[in-house]
Amino acid sequence: MKNKHLINPMDFTIEELDEIFELAHQIISNPQEYSHVCEGKILATLFYEPSTRTRFSFEAAMMRLGGKILGFSEPNSSSAAKGETLADTIKMVSIYSDIIAMRHPKEGAAKVASMYSSVPVINAGDGGHQHPTQTLTDLLTIKSLKGRLDNHVIGICGDLRYGRTVQSLITAMSRYENIKFLLISPKELGVPQYIREEVLNKNNIEFREVEKIEDVIEELDILYMTRIQKERFFNEDEYMRLKDSYILDTEKMKLAKEDMIIMHPLPRVNEIDVEVDKDERAAYFKQAEFGMYVRMALMAKLLGVA
Ligand code: NCD
């Protein structure tokens with residue numbers, strides 16, 4: 001895996017993913033042993049779009065491995081504001097750093113960056129397209145809390161059209177046996193056609209599209225909630241009309257299986273009532289914690305230090 005880029009969740013084989021998850025578990029059980037493996041290494045975090053969790057978890061991950069960080073979280077504070085091209089920025093940054101994590105509002109930007117970089121590029125979200133390290137986080141969470149990655153009924157609820165975490169998760173899960181998806185969204189926010197055709201139909205994956213959580217919640221092993229992606233709407237009225245489509249509350253949770261887990265990439269707006277946080281099935285904060293460990297494992301592998 002050394003020196004590979006991670007742009008799309010399918011860039012790694014199932015075996016490579018297992019290696020990353022195995023290392024993440026080793027780091028979780030013995031963090032001290034890994035606290036110096038990235039000494040002398042520099043992570044550059046280039047965030048052209050807002051982020052809290054993803055950027056902090058990358059930076060915390062590198063610091064916990066003993067490395068250092070540089071970067072920006074505000075494109076206006078970088079030379080992009082002067083009109084520098086992404087290609088030139090990446091050529092420079094890959095001289096200064098050993099590995100790059102980049103988030104960008106344009107679909108395909110991470111792929112372009114990887115073509116100009118002399119160091120590994122990790123896609124930390126490209127527009128409404130893909131978010132592969134969130135998917136590593138999600139897979140590690142499912143594997144750790146449910147014991148396996150195959151044989152699950154997964155409900156994905158909210159903005160399936162613009163949600164990049166959704167597209168990456170469905171793509172990644174399509175490689176595991178006996179996965180069934182229940183896709184819960186308003187009609188306008190259903191999964192993009194390429195996910196329906198190229199991923200679900202092509203791989204013969206069972207799925208159903210419904211509009212209400214209550215109609216399917218009792219069937220689910222995993223309920224993956226998502227935020228309506230305000231920043232990707234072209235029309236404010238449309239957002240206002242759809243923004244409160246789903247609110248998971250304690251009443252709805254009464255219908256769910258006792259061992260169902262609730263996931264959410266976060267940030268949450270109002271799609272999960274805070275009362276649900278007390279429910280043992282709420283896994284979203286634990287999921288954010290797994291996110292840091294899986295990024296530690298990923299960077300250690302790409303840098304070839306563990
Ligand atoms: C997600 C993202 O940026 O796509 N957040 C994250 O990385 N944890 C989900 C979102 O913003 O809704």
# chains A, B, ... in the order shown; residues from 1 in each chain; ligands from 1
>>> residues_near_ligand(ligand="ligand 1", cutoff="7 Å", atoms="only C-alpha atoms and all ligand atoms", output="PyMOL selection string")
chain A and resi 51+53-54+125+131+134+163-165+226-227+229+265-267
>>> write_last_selection(atoms="C-alpha atoms", output="short mmCIF file (atom, residue, chain, number, x, y, z; two decimals), in the first residue's frame")
data_model
loop_
_atom_site.label_atom_id
_atom_site.label_comp_id
_atom_site.auth_asym_id
_atom_site.auth_seq_id
_atom_site.Cartn_x
_atom_site.Cartn_y
_atom_site.Cartn_z
CA SER A 51 -14.72 20.67 8.07
CA ARG A 53 -14.20 16.24 12.25
CA THR A 54 -12.38 15.21 9.14
CA GLY A 125 -14.18 14.68 0.24
CA HIS A 131 -15.44 10.52 0.83
CA GLN A 134 -15.38 8.40 6.00
CA GLY A 163 -24.36 12.92 0.26
CA ARG A 164 -20.87 11.82 -0.70
CA THR A 165 -20.57 9.59 2.37
CA THR A 226 -27.35 11.75 6.96
CA ARG A 227 -27.78 15.50 6.87
CA GLN A 229 -26.62 18.78 2.18
CA PRO A 265 -21.01 10.77 9.57
CA LEU A 266 -21.82 14.01 11.46
CA PRO A 267 -22.30 16.97 11.62
#
>>> residues_around(residues="A:Thr137", least_positions_apart="2", cutoff="9 Å", atoms="only C-alpha atoms", output="ChimeraX atom specification")
/A:132-135,139-142,265,287-295
>>> closest_residue(among="A:Glu16, A:Glu209, A:Glu238, A:Glu49", to="A:Asn76", atoms="only C-alpha atoms")
A:Glu49
>>> closest_residue(among="A:Leu145, A:Leu160, A:Met63, A:Ile179", to="A:Gln193", atoms="only C-alpha atoms")
A:Leu160
>>> select_by_dssp(residues="stretch 43-259 of chain A", states="strand (DSSP E or B)", output="PyMOL selection string")
chain A and resi 43-47+68-72+99-104+121-126+130+152-157+179-184+206-210+222-225+248
>>> residues_around(residues="A:Ala297", least_positions_apart="6", cutoff="8 Å", atoms="only C-alpha atoms", output="list in words")
Ile20, Phe21, Leu23, Ala24 and Ile27 of chain A
>>> closest_residue(among="A:Asp138, A:Glu188, A:Asp159, A:Glu231", to="A:Met173", atoms="only C-alpha atoms")
A:Asp138
>>> residues_around(residues="stretch 30-36 of chain A", least_positions_apart="2", cutoff="8 Å", atoms="only C-alpha atoms", output="list in words")
Gln26, Ile27, Ile28, Cys38, Glu39, Arg64, Leu65, Gly66 and Gly67 of chain A
>>> residues_around(residues="stretch 196-199 of chain A", least_positions_apart="2", cutoff="10 Å", atoms="only C-alpha atoms", output="list in words")
Gln167, Ile170, Thr171, Ala172, Met173, Ser174, Arg175, Gly190, Val191, Pro192, Gln193, Tyr194, Asn201, Lys202, Asn203, Asn204, Ile205 and Phe207 of chain A
>>> closest_residue(among="A:Leu46, A:Leu189, A:Met92, A:Ile100", to="A:Ser78", atoms="only C-alpha atoms")
A:Leu46
>>> closest_residue(among="A:Ile262, A:Leu255, A:Ala283, A:Val121", to="A:Lys2", atoms="only C-alpha atoms")
A:Val121
>>> select_by_dssp(residues="stretch 31-185 of chain A", states="helix (DSSP H, G or I)", output="number ranges by chain")
A: 31-34, 53-64, 75-77, 79-82, 86-96, 109-116, 132-146, 164-173
